[in-house]
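S.K.: Just passing along the structure, written as structure tokens.
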Amino acid sequence: MSPAWEATCIQMTGSPATGPGIFTRFLHKEANEEDSPLVPSYFEFTFGMRRDENDDPASVPDPVAIIPVGGTEPVRIKGRVDRIDITPDGRFAIYDYKTGSQIATRNEIASGKALQIPLYLLAYEQISHKQGVLGGYYRIRREVEDRIVLLDDAGRDLVVSSNPRATKDFRAALLASLKYSAEYIRGIRAGEFMLPAEEKCQNPYCEFSTICRFDPSRLFSSTEGT
Ligand code: SF4
């Protein structure tokens with residue numbers, strides 16, 4: 001057994017020296033929600049993707065097509081949902097598992113910079129004819145955290161171990177994400193690949209800065225285009 005594999009096993013299962021592993025901490029986290037009517041129902045649920053043996057047997061082959069409000073052309077969505085929890089009365093939650101440090105914030109969703117969770121909610125609504133009420137992340141690192149980033153008022157009773165803030169106008173937030181997607185598709189087709197204003201290069205000494213798109217003053221200081 002290599003040292004790296006041994007360390008991974010200890011991280012997962014724990015040891016007397018390091019304490020409980022990720023599996024145990026994850027189960028404790030889940031146990032906090034045992035009184036919730038949400039039932040973990042599907043895992044690695046794919047739609048519109050080639051299904052492999054690890055995907056949920058309930059996966060569907062076709063993508064989902066949804067026309068944004070005010071649009072004419074559908075946005076076609078495909079994906080793999082890490083986990084879907086469903087209540088007996090037909091509401092559901094979407095969760096994505098993350099092992100890295102970055103997970104999308106509510107602000108990033110509201111500003112169209114994080115589309116995954118809202119689009120998955122809309123897509124599974126269309127597939128299942130159930131009502132999406134909650135979307136969030138599990139961040140699985142040394143500690144196991146869950147972060148709810150979209151919550152409908154109609155889903156507040158489903159979270160029993162904490163009191164997350166409901167999303168102001170949850171339905172409008174989902175539809176806004178769909179509209180952002182349509183706009184991004186239009187821009188890509190038109191060849192528009194603008195750098196977001198907030199993107200900055202971390203290297204102030206780069207010798208290529210005058211020709212790099214990261215230099216915000218490039219167009220002013222060069223003779224390009226004249
Ligand atoms: S090429 Fe552009 S992004 Fe890369 S280091 Fe230079 S200035 Fe920064």
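In the structure tokens, chains take the letters A, B, ... in the order shown, each chain's residues start at 1, and ligands count up from 1 in the order shown.
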Given a cut-off of 7 Å, what residues near ligand 1 show up using only C-alpha atoms and all ligand atoms, put as a list of chain:residue names?
M.R.: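 So the residues close to ligand 1 are A:Cys201, A:Gln202, A:Asn203, A:Cys206, A:Glu207, A:Phe208, A:Ser209, A:Cys212, A:Arg213, A:Phe214, A:Asp215.
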S.K.: So that I have them on file, write out the residues from the current selection with N, CA and C atoms, as a compact mmCIF listing (two decimals), in the first residue's frame.
M.R.:
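Output below, filename result31.txt:
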# COMPACT_ATOMS: atom_id res chain seq x y z
N CYS A 201 -5.11 39.82 -13.92
CA CYS A 201 -3.88 39.02 -13.93
C CYS A 201 -3.11 39.32 -12.65
N GLN A 202 -2.53 38.28 -12.07
CA GLN A 202 -1.81 38.45 -10.81
C GLN A 202 -0.34 38.82 -11.03
N ASN A 203 0.10 38.90 -12.28
CA ASN A 203 1.52 39.13 -12.54
C ASN A 203 1.73 40.52 -13.15
N CYS A 206 4.61 40.93 -16.21
CA CYS A 206 4.62 40.10 -17.41
C CYS A 206 5.01 40.93 -18.64
N GLU A 207 5.93 40.39 -19.44
CA GLU A 207 6.38 41.14 -20.62
C GLU A 207 5.35 41.12 -21.75
N PHE A 208 4.33 40.30 -21.60
CA PHE A 208 3.30 40.24 -22.65
C PHE A 208 2.07 41.08 -22.30
N SER A 209 2.17 41.86 -21.26
CA SER A 209 0.95 42.51 -20.76
C SER A 209 0.33 43.47 -21.78
N CYS A 212 -1.79 41.31 -23.98
CA CYS A 212 -2.66 40.35 -23.31
C CYS A 212 -4.02 40.98 -23.05
N ARG A 213 -5.04 40.20 -23.22
CA ARG A 213 -6.39 40.72 -22.99
C ARG A 213 -6.65 41.04 -21.53
N PHE A 214 -5.77 40.56 -20.64
CA PHE A 214 -5.98 40.88 -19.23
C PHE A 214 -5.58 42.32 -18.91
N ASP A 215 -4.82 42.97 -19.82
CA ASP A 215 -4.41 44.34 -19.55
C ASP A 215 -5.57 45.28 -19.88
S.K.: Compile the contact shell of Asp169 of chain A as a VMD selection string: residues with an atom at most 10 Å away, counting only C-alpha atoms, same-chain residues fewer than 2 positions apart removed.
M.R.: chain A and resid 151 to 153 166 to 167 171 to 174
S.K.: Any chance you could list, as a PyMOL selection string, the residues in segment 92-137 of chain A that come up strand (DSSP E) when DSSP is run on the backbone?
M.R.: chain A and resi 92-98+131-137
S.K.: Could you go through segment 1-224 of chain A and tell me which residues DSSP, when run on the backbone, assigns to helix (DSSP H, G or I), listing them as a VMD selection string?
M.R.: chain A and resid 3 to 13 22 to 31 106 to 110 116 to 128 153 to 158 170 to 189 218 to 221
S.K.: Measure the distance from atom CA of Thr18 of chain A to atom CA of Arg141 of chain A in Å and round it to one decimal.
M.R.: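 Pair atom CA of Thr18 of chain A / atom CA of Arg141 of chain A returns 14.1 Å.
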S.K.: With only C-alpha atoms as the atoms that count, which of A:Arg165, A:Leu175, A:Ser111, A:Tyr137 lies nearest to Ile67 of chain A?
M.R.: A:Leu175
S.K.: Can you tell me, as a list in words, what residues are no more than 9 Å from Pro88 of chain A when counting only C-alpha atoms, ignoring any on the same chain fewer than 3 positions away?
M.R.: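 Selected residues are Pro37, Leu38, Val39 and Arg91 of chain A.
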S.K.: Hey, what's within 10 Å of Leu195 of chain A if we count only C-alpha atoms and toss same-chain stuff fewer than 3 positions away? As a PyMOL selection string, please?
M.R.: chain A and resi 192+198-200+213-214+216
S.K.: For the selection you just gave me, I'd like the residues written to a file as an mmCIF file, in the first residue's frame, keeping C-alpha atoms.
M.R.:
data_model
loop_
_atom_site.group_PDB
_atom_site.id
_atom_site.type_symbol
_atom_site.label_atom_id
_atom_site.label_comp_id
_atom_site.auth_asym_id
_atom_site.auth_seq_id
_atom_site.Cartn_x
_atom_site.Cartn_y
_atom_site.Cartn_z
ATOM 1 C CA GLU A 192 -18.187 37.418 -28.183
ATOM 2 C CA GLU A 198 -13.401 41.542 -12.436
ATOM 3 C CA GLU A 199 -10.811 39.144 -13.930
ATOM 4 C CA LYS A 200 -7.311 40.381 -13.105
ATOM 5 C CA ARG A 213 -6.393 40.720 -22.991
ATOM 6 C CA PHE A 214 -5.975 40.880 -19.228
ATOM 7 C CA PRO A 216 -7.354 46.705 -19.153
#
S.K.: Using only C-alpha atoms, which residues of segment 139-163 of chain A come within 8 Å of segment 100-106 of chain A, and what is the closest atom pair for each, with the distance in Å to one decimal? Give it as a tab-separated table, sorted by chain and residue number.
M.R.:
residue	atom	partner	partner_atom	distance
A:Arg139	CA	A:Gly100	CA	7.4
A:Ile140	CA	A:Gly100	CA	7.9
A:Arg141	CA	A:Gly100	CA	7.5
A:Val149	CA	A:Arg106	CA	5.2
A:Leu150	CA	A:Arg106	CA	7.2
S.K.: Would you work out the distance separating atom CA of Pro57 of chain A from atom CA of Leu27 of chain A, expressed in Å to one decimal?
M.R.: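 These two atoms are separated by 23.8 Å.
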S.K.: Pick out the closest residue to Ile117 of chain A from this set: A:Phe92, A:Ala58, A:Tyr42, A:Ser177. Count only C-alpha atoms.
M.R.: A:Ser177
S.K.: Which one is closest to Arg51 of chain A: A:Gly79, A:Tyr180, A:Cys9, A:Asp35? Count only C-alpha atoms.
M.R.: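 For Arg51 of chain A, the nearest of the candidates is A:Gly79.
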S.K.: Nearest to Glu33 of chain A among A:Gly135, A:Asp85, A:Pro196, A:Arg142, with distances taken over only C-alpha atoms: which residue is it?
M.R.: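 Distance minimum relative to Glu33 of chain A lands on A:Asp85.
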S.K.: Work out how far atom CA of Val133 of chain A is from atom CA of Ile94 of chain A, in Å to one decimal.
M.R.: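 Going from atom CA of Ile94 of chain A over to atom CA of Val133 of chain A, I get 8.6 Å.
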